[in-house]
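File shown: my_file.txt (compact mmCIF, C-alpha atoms).
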# COMPACT_ATOMS: atom_id res chain seq x y z
CA MET U 1 6.76 -13.02 17.23
CA SER U 2 3.71 -14.28 15.39
CA ASN U 3 4.75 -15.12 11.85
CA ARG U 4 1.13 -15.76 10.86
CA TYR U 5 0.19 -12.12 11.24
CA VAL U 6 3.39 -10.92 9.61
CA GLU U 7 2.77 -13.16 6.62
CA MET U 8 -0.77 -11.79 6.28
CA GLY U 9 0.94 -8.52 5.34
CA LEU U 10 1.00 -5.31 7.32
CA LYS U 11 -0.37 -2.05 5.95
CA ALA U 12 2.95 -0.33 6.70
CA PRO U 13 6.31 -1.29 8.18
CA VAL U 14 6.53 -1.07 11.96
CA ASN U 15 9.89 0.64 11.62
CA LEU U 16 12.32 1.48 8.89
CA THR U 17 15.93 2.40 8.36
CA TRP U 18 16.41 5.79 6.77
CA GLU U 19 19.93 6.51 5.63
CA VAL U 20 19.61 10.28 5.51
CA SER U 21 23.03 10.90 3.98
CA LEU U 22 26.07 9.00 2.78
CA ALA U 23 28.23 11.78 4.18
CA CYS U 24 30.47 10.64 7.00
CA ASN U 25 33.50 12.06 8.74
CA LEU U 26 34.87 8.55 9.33
CA ARG U 27 35.87 5.74 6.93
CA CYS U 28 35.17 2.60 8.97
CA SER U 29 36.49 -0.50 7.26
CA HIS U 30 33.26 -2.46 7.77
CA CYS U 31 30.82 0.30 6.70
CA LEU U 32 27.78 -1.34 5.13
CA SER U 33 27.16 1.60 2.80
CA ALA U 34 30.76 2.61 2.05
CA SER U 35 29.98 6.07 3.41
CA GLY U 36 32.21 9.10 3.01
CA GLU U 37 31.09 11.72 0.50
CA PRO U 38 27.38 12.57 0.28
CA ALA U 39 25.48 10.77 -2.49
CA HIS U 40 24.63 12.75 -5.61
CA GLY U 41 21.06 14.05 -5.34
CA GLU U 42 20.30 13.35 -1.71
CA LEU U 43 16.76 14.19 -0.60
CA SER U 44 16.27 17.91 -0.02
CA ARG U 45 14.99 19.30 3.26
CA GLU U 46 11.51 19.68 1.73
CA GLU U 47 11.53 16.13 0.36
CA ALA U 48 12.69 14.78 3.71
CA LEU U 49 9.97 16.63 5.61
CA ASP U 50 7.38 15.38 3.11
CA LEU U 51 8.55 11.83 3.76
CA VAL U 52 8.09 12.36 7.50
CA GLU U 53 4.53 13.50 6.78
CA GLN U 54 3.90 10.37 4.69
CA LEU U 55 5.32 8.06 7.36
CA HIS U 56 3.09 9.71 9.94
CA ARG U 57 0.05 9.27 7.71
CA ASP U 58 0.95 5.61 7.12
CA GLN U 59 1.41 5.08 10.87
CA VAL U 60 4.99 3.88 10.81
CA PHE U 61 5.88 3.57 14.48
CA GLN U 62 9.62 4.20 14.43
CA ILE U 63 12.37 5.51 12.17
CA ASN U 64 15.92 4.29 12.66
CA PHE U 65 18.21 6.97 11.29
CA GLY U 66 21.57 5.96 9.92
CA GLY U 67 23.89 6.77 7.07
CA GLY U 68 26.56 7.91 6.74
CA GLU U 69 26.66 9.95 9.86
CA PRO U 70 23.19 11.50 10.27
CA PHE U 71 24.52 14.60 12.03
CA MET U 72 26.56 15.47 8.92
CA ARG U 73 23.25 16.65 7.43
CA PRO U 74 22.79 20.29 8.48
CA ASP U 75 18.99 19.86 8.61
CA PHE U 76 19.02 16.55 10.44
CA GLU U 77 17.77 17.94 13.74
CA GLU U 78 14.92 19.65 11.89
CA ILE U 79 13.93 16.32 10.33
CA LEU U 80 14.16 14.72 13.75
CA ASP U 81 11.96 17.42 15.31
CA ALA U 82 9.36 16.90 12.59
CA CYS U 83 9.23 13.19 13.46
CA HIS U 84 8.81 13.90 17.15
CA GLN U 85 6.10 16.50 16.54
CA LYS U 86 4.19 13.77 14.71
CA GLY U 87 4.74 11.31 17.56
CA ILE U 88 7.06 9.09 15.53
CA MET U 89 9.69 7.40 17.68
CA THR U 90 13.26 7.66 16.47
CA CYS U 91 16.54 5.90 16.99
CA ILE U 92 19.78 7.44 15.75
CA SER U 93 22.81 5.39 14.86
CA THR U 94 25.79 7.72 15.20
CA ASN U 95 29.55 7.51 15.50
CA GLY U 96 29.31 9.98 18.39
CA THR U 97 32.02 12.31 17.17
CA LEU U 98 29.61 15.17 16.40
CA LEU U 99 27.77 15.04 19.71
CA ASP U 100 28.58 17.86 22.08
CA GLU U 101 26.91 19.09 25.23
CA ALA U 102 24.63 21.56 23.43
CA ARG U 103 23.44 19.04 20.85
CA VAL U 104 22.82 16.37 23.48
CA ALA U 105 20.81 18.88 25.52
CA ARG U 106 18.66 19.66 22.46
CA LEU U 107 18.13 15.96 21.76
CA ALA U 108 17.20 15.28 25.37
CA LYS U 109 14.20 17.60 25.10
CA SER U 110 12.33 14.89 23.26
CA ARG U 111 11.25 11.69 24.95
CA LEU U 112 10.91 9.98 21.59
CA VAL U 113 14.56 9.57 20.70
CA ALA U 114 17.00 6.76 21.43
CA ILE U 115 20.65 6.80 20.42
CA GLN U 116 23.13 4.11 19.48
CA VAL U 117 26.78 5.06 19.51
CA SER U 118 28.99 2.82 17.40
CA MET U 119 32.08 1.31 19.03
CA ASP U 120 33.93 -1.69 17.70
CA GLY U 121 36.12 -2.78 20.54
CA ALA U 122 36.47 -2.58 24.30
CA ARG U 123 40.10 -1.65 23.79
CA ARG U 124 41.10 1.63 22.15
CA GLU U 125 43.42 -0.15 19.69
CA THR U 126 40.76 -2.60 18.54
CA CYS U 127 38.11 0.06 18.03
CA ASP U 128 40.35 2.60 16.35
CA ALA U 129 41.80 0.01 13.97
CA ILE U 130 38.33 -0.22 12.41
CA ARG U 131 36.95 3.29 12.96
CA GLY U 132 40.03 5.54 12.90
CA ASN U 133 42.45 7.07 15.36
CA GLY U 134 40.90 8.88 18.30
CA VAL U 135 37.37 7.63 17.66
CA PHE U 136 37.25 5.38 20.75
CA ASP U 137 37.86 8.33 23.09
CA LYS U 138 35.39 10.59 21.28
CA ALA U 139 32.71 7.90 21.40
CA ILE U 140 33.25 7.42 25.13
CA GLU U 141 32.89 11.18 25.67
CA ALA U 142 29.63 11.18 23.72
CA ILE U 143 28.28 8.21 25.66
CA LYS U 144 29.05 9.93 28.95
CA LEU U 145 27.12 13.01 27.81
CA LEU U 146 24.18 10.87 26.74
CA ALA U 147 24.22 8.71 29.87
CA ALA U 148 23.78 11.85 31.96
CA THR U 149 20.43 12.47 30.25
CA ARG U 150 17.25 10.41 30.06
CA ILE U 151 17.92 9.47 26.42
CA PRO U 152 17.92 5.66 26.10
CA THR U 153 21.47 5.01 24.94
CA SER U 154 23.30 1.95 23.76
CA ILE U 155 26.70 1.05 22.41
CA ASN U 156 26.38 -0.65 19.04
CA THR U 157 29.16 -3.07 18.19
CA VAL U 158 29.56 -4.86 14.89
CA LEU U 159 30.93 -8.32 15.59
CA THR U 160 34.16 -8.95 13.68
CA THR U 161 36.98 -11.42 14.05
CA HIS U 162 39.08 -8.70 15.72
CA ASN U 163 36.62 -7.83 18.49
CA ALA U 164 34.85 -11.18 18.98
CA ASP U 165 36.90 -11.92 22.10
CA GLU U 166 36.11 -8.46 23.52
CA ILE U 167 32.32 -8.68 23.45
CA PRO U 168 32.00 -9.59 27.15
CA ALA U 169 34.31 -6.65 27.91
CA MET U 170 32.13 -4.43 25.71
CA TYR U 171 29.21 -5.48 27.87
CA ASP U 172 31.13 -4.53 31.01
CA LEU U 173 32.15 -1.22 29.45
CA ALA U 174 28.54 -0.41 28.58
CA GLN U 175 27.45 -1.32 32.11
CA SER U 176 30.15 0.88 33.62
CA LEU U 177 28.96 3.80 31.49
CA GLY U 178 25.33 3.22 32.42
CA VAL U 179 24.15 2.28 28.93
CA SER U 180 23.16 -0.95 27.22
CA LEU U 181 24.95 -3.04 24.61
CA ARG U 182 23.67 -3.95 21.20
CA VAL U 183 25.64 -6.26 18.91
CA SER U 184 25.13 -6.19 15.16
CA ARG U 185 26.12 -8.63 12.51
CA PHE U 186 28.95 -7.90 10.11
CA ARG U 187 27.60 -8.29 6.59
CA PRO U 188 29.47 -8.22 3.30
CA SER U 189 28.04 -5.02 1.83
CA GLY U 190 29.70 -1.66 1.14
CA ARG U 191 33.28 -1.58 2.48
CA GLY U 192 32.29 -4.66 4.47
CA ALA U 193 32.39 -6.57 1.17
CA ASP U 194 35.88 -5.23 0.37
CA ASN U 195 37.17 -6.26 3.80
CA TRP U 196 35.05 -9.36 4.29
CA ASP U 197 37.85 -11.92 4.46
CA GLU U 198 39.88 -9.82 6.87
CA LEU U 199 37.03 -8.98 9.26
CA ARG U 200 34.52 -11.84 9.17
CA PRO U 201 34.24 -13.78 12.43
CA THR U 202 35.24 -17.44 12.25
CA PRO U 203 32.60 -20.15 12.73
CA ALA U 204 34.11 -20.88 16.16
CA GLN U 205 33.78 -17.21 17.13
CA LEU U 206 30.18 -17.14 15.95
CA LEU U 207 29.38 -20.24 18.00
CA ALA U 208 31.08 -18.79 21.07
CA PHE U 209 29.13 -15.56 20.58
CA SER U 210 25.88 -17.50 20.27
CA ASP U 211 26.62 -19.25 23.57
CA TRP U 212 27.46 -15.95 25.28
CA LEU U 213 24.34 -14.34 23.88
CA ALA U 214 22.22 -17.14 25.32
CA LYS U 215 23.35 -16.08 28.79
CA SER U 216 23.01 -12.36 28.11
CA GLY U 217 19.31 -11.64 27.85
CA ASP U 218 19.74 -7.90 28.24
CA VAL U 219 21.95 -7.60 25.18
CA ARG U 220 19.97 -6.56 22.11
CA THR U 221 20.73 -7.73 18.61
CA GLY U 222 17.90 -6.23 16.54
CA ASP U 223 17.50 -8.18 13.34
CA SER U 224 21.10 -9.31 13.31
CA PHE U 225 21.49 -12.73 14.81
CA PHE U 226 18.30 -14.71 14.50
CA SER U 227 20.28 -17.15 12.35
CA LEU U 228 22.46 -17.82 15.42
CA THR U 229 19.81 -17.54 18.11
CA SER U 230 19.83 -20.30 20.64
CA GLN U 231 16.76 -21.70 22.33
CA GLU U 232 17.40 -19.51 25.36
CA ARG U 233 16.77 -16.33 23.39
CA GLN U 234 13.65 -17.46 21.58
CA GLY U 235 10.97 -14.87 22.12
CA LEU U 236 13.49 -12.05 22.53
CA GLY U 237 13.51 -11.08 18.90
CA LEU U 238 12.83 -12.01 15.34
CA ASN U 239 12.93 -15.57 14.07
CA LEU U 240 12.75 -14.56 10.43
CA CYS U 241 13.96 -11.87 8.08
CA GLY U 242 11.67 -8.85 8.51
CA ALA U 243 12.65 -7.13 5.26
CA ALA U 244 9.59 -5.90 3.34
CA LYS U 245 7.36 -7.46 5.99
CA LEU U 246 8.08 -5.50 9.17
CA THR U 247 10.71 -3.09 7.98
CA CYS U 248 12.37 -1.58 4.93
CA CYS U 249 15.06 0.91 4.01
CA VAL U 250 15.01 4.40 2.52
CA GLY U 251 18.30 5.43 0.98
CA PRO U 252 19.79 8.96 0.88
CA THR U 253 18.32 9.78 -2.57
CA GLY U 254 14.84 8.48 -1.77
CA ASN U 255 15.18 5.02 -3.25
CA MET U 256 13.53 2.28 -1.23
CA TYR U 257 15.01 -1.17 -0.62
CA PRO U 258 14.09 -4.26 1.44
CA CYS U 259 16.90 -3.57 3.91
CA ALA U 260 20.01 -1.47 4.41
CA PHE U 261 22.25 -4.32 3.25
CA LEU U 262 20.60 -4.61 -0.15
CA GLN U 263 20.87 -1.06 -1.45
CA THR U 264 21.60 -1.96 -5.05
CA ASP U 265 19.68 -1.48 -8.31
CA ARG U 266 18.83 -5.19 -8.29
CA PHE U 267 16.79 -4.69 -5.11
CA LYS U 268 15.43 -1.20 -5.68
CA ALA U 269 11.75 -1.28 -4.77
CA GLY U 270 10.96 2.22 -6.00
CA SER U 271 11.79 5.90 -5.75
CA LEU U 272 10.01 8.36 -3.50
CA ARG U 273 10.53 10.91 -6.28
CA GLU U 274 8.22 8.84 -8.49
CA ASN U 275 5.78 7.21 -6.10
CA SER U 276 4.50 7.65 -2.58
CA PHE U 277 5.85 5.57 0.29
CA LYS U 278 2.51 3.77 0.55
CA GLU U 279 2.43 2.95 -3.17
CA ILE U 280 5.92 1.46 -3.05
CA TRP U 281 5.21 -0.50 0.16
CA ASP U 282 1.98 -1.92 -1.27
CA ASP U 283 2.87 -2.45 -4.93
CA SER U 284 6.61 -3.06 -5.30
CA GLU U 285 7.43 -6.34 -7.02
CA ILE U 286 10.68 -6.54 -5.07
CA TYR U 287 8.80 -6.31 -1.78
CA ALA U 288 6.27 -8.88 -3.00
CA SER U 289 9.14 -11.25 -3.82
CA PHE U 290 10.55 -10.89 -0.30
CA ARG U 291 7.14 -11.49 1.27
CA SER U 292 6.78 -14.74 -0.62
CA LEU U 293 10.42 -15.78 -0.27
CA ARG U 294 10.81 -19.30 1.06
CA ILE U 295 14.22 -20.83 1.73
CA HIS U 296 13.32 -24.36 0.66
CA SER U 297 16.89 -25.61 0.97
CA CYS U 298 16.67 -25.02 4.74
CA GLU U 299 13.25 -26.51 5.38
CA GLU U 300 14.60 -29.89 6.48
CA CYS U 301 16.89 -28.29 9.05
CA THR U 302 15.93 -28.88 12.68
CA ARG U 303 16.42 -25.17 13.36
CA PHE U 304 14.22 -23.97 10.50
CA ASP U 305 11.51 -22.67 12.85
CA GLN U 306 14.14 -20.62 14.65
CA CYS U 307 15.58 -18.77 11.65
CA HIS U 308 13.59 -19.61 8.48
CA GLY U 309 16.75 -19.65 6.42
CA GLY U 310 18.47 -16.67 8.01
CA CYS U 311 19.56 -13.46 6.29
CA PRO U 312 18.84 -13.31 2.53
CA ALA U 313 21.22 -10.34 2.19
CA VAL U 314 24.20 -12.40 3.35
CA ALA U 315 23.11 -15.27 1.09
CA TRP U 316 22.96 -12.82 -1.82
CA HIS U 317 26.33 -11.24 -1.19
CA LEU U 318 28.15 -14.53 -0.60
CA LYS U 319 26.29 -16.92 -2.89
CA ASN U 320 24.51 -14.61 -5.32
CA ASP U 321 21.35 -16.47 -4.37
CA ILE U 322 18.70 -14.71 -2.32
CA SER U 323 17.00 -18.02 -1.49
CA GLY U 324 20.17 -19.97 -0.90
CA GLY U 325 20.08 -20.00 2.89
CA ASP U 326 22.30 -18.09 5.27
CA PRO U 327 25.91 -19.34 4.87
CA GLU U 328 26.73 -18.34 8.46
CA CYS U 329 23.80 -19.83 10.35
CA LEU U 330 24.31 -21.77 13.58
CA GLU U 331 23.89 -25.12 11.86
CA ARG U 332 26.43 -24.31 9.18
CA CYS U 333 28.91 -23.06 11.79
CA VAL U 334 28.64 -26.38 13.62
CA THR U 335 29.03 -28.34 10.38
CA SER U 336 31.94 -26.21 9.26
CA ILE U 337 33.82 -26.78 12.52
CA ALA U 338 33.10 -30.54 12.45
CA ASP U 339 34.35 -30.75 8.86
CA ALA U 340 37.51 -28.87 9.76
CA ASN U 341 38.12 -31.17 12.72
CA LYS U 342 37.67 -34.26 10.53
CA ALA U 343 40.05 -32.87 7.94
CA ALA U 344 42.60 -32.17 10.64
CA GLU U 345 42.28 -35.71 12.02
CA ALA U 346 42.63 -37.21 8.56
CA ALA U 347 45.76 -35.19 7.97
CA MET W 1 -5.31 3.50 32.31
CA GLN W 2 -3.55 4.74 29.18
CA LEU W 3 -1.11 3.60 26.54
CA HIS W 4 2.46 3.69 27.83
CA PRO W 5 4.39 6.63 26.27
CA ALA W 6 6.86 4.17 24.75
CA CYS W 7 4.04 2.29 23.02
CA ARG W 8 1.95 2.84 19.91
CA VAL W 9 -1.04 1.03 18.43
CA ARG W 10 -2.58 0.87 14.97
CA GLN W 11 -5.32 -0.99 13.17
CA GLU W 12 -4.37 -3.94 10.99
CA GLY W 13 -6.50 -6.48 9.14
CA PHE W 14 -6.41 -8.97 12.02
CA GLY W 15 -7.10 -6.38 14.74
CA LEU W 16 -4.66 -4.24 16.68
CA LEU W 17 -0.89 -4.13 16.38
CA PHE W 18 0.91 -2.80 19.45
CA TYR W 19 4.52 -1.61 19.31
CA ASP W 20 6.76 -1.11 22.31
CA SER W 21 9.93 0.82 21.49
CA ARG W 22 11.59 -0.36 24.69
CA GLY W 23 12.29 -3.78 23.15
CA PRO W 24 11.37 -3.06 20.56
CA ARG W 25 8.63 -5.67 20.60
CA LEU W 26 5.33 -6.25 18.93
CA LEU W 27 2.01 -7.60 20.12
CA PHE W 28 -0.56 -8.82 17.63
CA VAL W 29 -4.06 -8.83 19.11
CA GLU W 30 -6.97 -10.36 17.22
CA THR W 31 -9.56 -7.89 18.37
CA GLY W 32 -11.73 -7.95 15.27
CA ASP W 33 -14.22 -5.09 15.63
CA LEU W 34 -14.13 -5.14 19.42
CA LEU W 35 -11.65 -2.29 19.81
CA THR W 36 -10.11 0.42 17.66
CA PRO W 37 -6.88 2.36 18.32
CA GLU W 38 -9.02 5.35 19.32
CA PHE W 39 -9.98 3.46 22.46
CA PHE W 40 -6.47 4.13 23.74
CA SER W 41 -6.28 7.77 22.73
CA GLY W 42 -8.07 10.97 23.62
CA ASP W 43 -8.99 12.37 26.96
CA ASP W 44 -11.97 10.17 27.74
CA PRO W 45 -11.15 7.93 30.68
CA VAL W 46 -11.13 4.24 29.81
CA ALA W 47 -13.75 3.71 32.49
CA ALA W 48 -16.18 5.94 30.61
CA LYS W 49 -15.51 4.06 27.38
CA LEU W 50 -16.02 0.73 29.15
CA ALA W 51 -19.34 1.89 30.52
CA LEU W 52 -20.62 2.25 26.97
CA LEU W 53 -20.01 -1.44 26.21
CA GLU W 54 -22.40 -4.33 26.74
CA LYS W 55 -21.64 -6.64 29.64
CA GLY W 56 -20.15 -9.42 27.52
CA GLU W 57 -18.00 -7.08 25.48
CA ARG W 58 -16.92 -5.26 28.62
CA ALA W 59 -15.65 -8.50 30.12
CA ARG W 60 -13.67 -9.29 26.96
CA VAL W 61 -12.20 -5.80 26.86
CA LEU W 62 -11.28 -5.93 30.54
CA GLY W 63 -9.50 -9.23 29.93
CA LEU W 64 -7.59 -7.67 27.06
CA LEU W 65 -6.69 -4.58 29.09
CA ALA W 66 -5.40 -6.79 31.90
CA LYS W 67 -3.20 -8.64 29.41
CA LEU W 68 -1.90 -5.40 27.89
CA SER W 69 -1.21 -3.96 31.31
CA GLU W 70 0.65 -7.10 32.39
CA LYS W 71 2.84 -6.88 29.30
CA GLY W 72 3.62 -3.20 29.93
CA TYR W 73 1.73 -1.72 26.99
CA LEU W 74 -0.62 0.15 29.32
CA ARG W 75 0.05 2.00 32.50
CA GLU W 76 -2.09 3.17 35.37
CA GLN W 77 -3.03 6.82 35.14
CA GLN W 78 -2.97 8.84 38.32
CA ILE W 79 -6.09 10.90 38.86
CA CYS W 80 -4.66 13.38 41.29

Give the structure from this file in structure tokens form.
Amino acid sequence: MSNRYVEMGLKAPVNLTWEVSLACNLRCSHCLSASGEPAHGELSREEALDLVEQLHRDQVFQINFGGGEPFMRPDFEEILDACHQKGIMTCISTNGTLLDEARVARLAKSRLVAIQVSMDGARRETCDAIRGNGVFDKAIEAIKLLAATRIPTSINTVLTTHNADEIPAMYDLAQSLGVSLRVSRFRPSGRGADNWDELRPTPAQLLAFSDWLAKSGDVRTGDSFFSLTSQERQGLGLNLCGAAKLTCCVGPTGNMYPCAFLQTDRFKAGSLRENSFKEIWDDSEIYASFRSLRIHSCEECTRFDQCHGGCPAVAWHLKNDISGGDPECLERCVTSIADANKAAEAA
Amino acid sequence: MQLHPACRVRQEGFGLLFYDSRGPRLLFVETGDLLTPEFFSGDDPVAAKLALLEKGERARVLGLLAKLSEKGYLREQQIC
């Protein structure tokens, strides 16, 4: 990743997260957007198709669809088709419960779609404790249907304290099903904020995960774990926050944000009902502030070049300070464990 | 030779930005005015487009194509 070019500013994001609806048939305890009922005033079919047209014109390479559960939107497949007709690549994050043979067959007609099925444990009990009873089995069924097609499929697992010890088993499960594994970071937004203390991985678990990740080059982490990335994984992903530089987020009602974890009024970059996507990307003061954001408090750290201060969203949610440095970075995990050990010795 | 189906390219201020959805991964190439995204699209064979370039430019473009091919952004196109 060349930060020099990224910092010069791109004319459009390379990809973006589009939360097409807040509607969801599950109530996962870590849900970043506290999904359940649809949001009031979600984008209409016409507005959604117009956005696809704009993203095509602006040459956005890929749209990552999330929510909510995208398939709860009756017109979701139509939106998806419009993307594919324009040559836009898509990735759908789904809980898998609404995927049946017919829908998977329709999806498999396009070579531009990839699918991530969420699962939060290698054991049924672990997964269902977070996602709801019966979800583990339904997700496995969906993954089997997808694995029988040419759709690139992955299991997406949010790392929590309850499943941290099962991540290697998740990898084995994914392998046995013929799909890949992606691990995402648990962040304190939405219901994740309400359940933060119960679900957050411990510093020791984060360090162990970082070590495991170093040996697991085929596991993808997206923009999740650059704050924990070891030397072995340098070059496999981002080494800085890509919000407003490489990516951004469109919420269900057409509001734009730097990322999916900062969907609050404080970080609203604009509304697609008032301005075009291009105008918001180019002119938003919020986006400008993220592009010039420097985490000075981390600059003396020996790992600064590897994470550039980590995730501003986590810093905001935990310290109310967007430039305060990631409270869960590798360095802070090491320090936290050392401090705990010293305190234990002193006692 | 053509752009791999999993890849896209667009013009940016510094040159060309390649995107590979298989990673996903990005490749920033300081091409200046040497190449435009259109070079990788359309039905004209790359060989025909290369023939239109001056010798020096052709060598630079061939070097770039070799690099892109090595990184998986381009793939050989069968002619029969």

Within 10 Å of chain U, which residues belong to chain W? Use only C-alpha atoms and report them as a ChimeraX atom specification.
/W:5-15,17-30

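Our summary of the geometry notes that CA of Ser271 (chain U) is positioned 25.2 Å from CA of Gly192 (chain U).
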
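Comparing U:Glu300, U:Ala313, U:Glu46, U:Ser289 by their smallest distance to Gln263 (chain U), the closest is U:Ala313 (using all atoms listed in the file).
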
Can you tell me, as a ChimeraX atom specification, what residues are no more than 7 Å from region 133-146 of chain U when counting only C-alpha atoms, ignoring any on the same chain fewer than 5 positions away?
/U:95-97,99-101,104,117,119,124,127-128,151,153,177

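Note that the spacing between CA of His84 (chain U) and CA of Lys67 (chain W) amounts to 28.3 Å.
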
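With all atoms listed in the file as the atoms that count, the minimum distance from Thr335 (chain U) to the choices U:Pro203, U:Leu293, U:Ala347, U:Ile79 is reached by U:Pro203.
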
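We find CA of Asp165 (chain U) and CA of Arg27 (chain U) to be spaced 23.3 Å apart.
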
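Within a radius of 9 Å around (-7.6, -3.2, 26.7), the polymer residues are W:Leu35, W:Phe39, W:Phe40, W:Val46, W:Arg60, W:Val61, W:Leu62, W:Gly63, W:Leu64, W:Leu65, W:Ala66, W:Lys67, W:Leu68, W:Ser69, W:Leu74, counting all atoms listed in the file.
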
Give me the residues near Leu22 (chain U) as a list in words, where near means some atom within 7 Å (using only C-alpha atoms) and where sequence neighbours in that chain fewer than 3 positions away do not count.
Ser35, Gly36, Glu37, Pro38, Ala39, Gly67, Gly68 and Pro252 of chain U

Only C-alpha atoms, please: the residues just picked out, written as a compact mmCIF listing (two decimals), in the coordinates of the input.
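Generated file (again14.txt):
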# COMPACT_ATOMS: atom_id res chain seq x y z
CA SER U 35 29.98 6.07 3.41
CA GLY U 36 32.21 9.10 3.01
CA GLU U 37 31.09 11.72 0.50
CA PRO U 38 27.38 12.57 0.28
CA ALA U 39 25.48 10.77 -2.49
CA GLY U 67 23.89 6.77 7.07
CA GLY U 68 26.56 7.91 6.74
CA PRO U 252 19.79 8.96 0.88

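Each of U:Pro188, U:Asp172, U:Gly270, U:Ala338 was compared to Asn320 (chain U) using all atoms listed in the file, and U:Pro188 turns out to be the nearest.
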
For Leu98 (chain U), the closest of U:Val250, U:Leu26, U:Val158, U:Leu330 counting only C-alpha atoms is U:Leu26

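In terms of minimum interatomic distance to Gln54 (chain U), U:Cys83 ranks closest within U:Ala214, U:Leu107, U:Ala129, U:Cys83, counting all atoms listed in the file.
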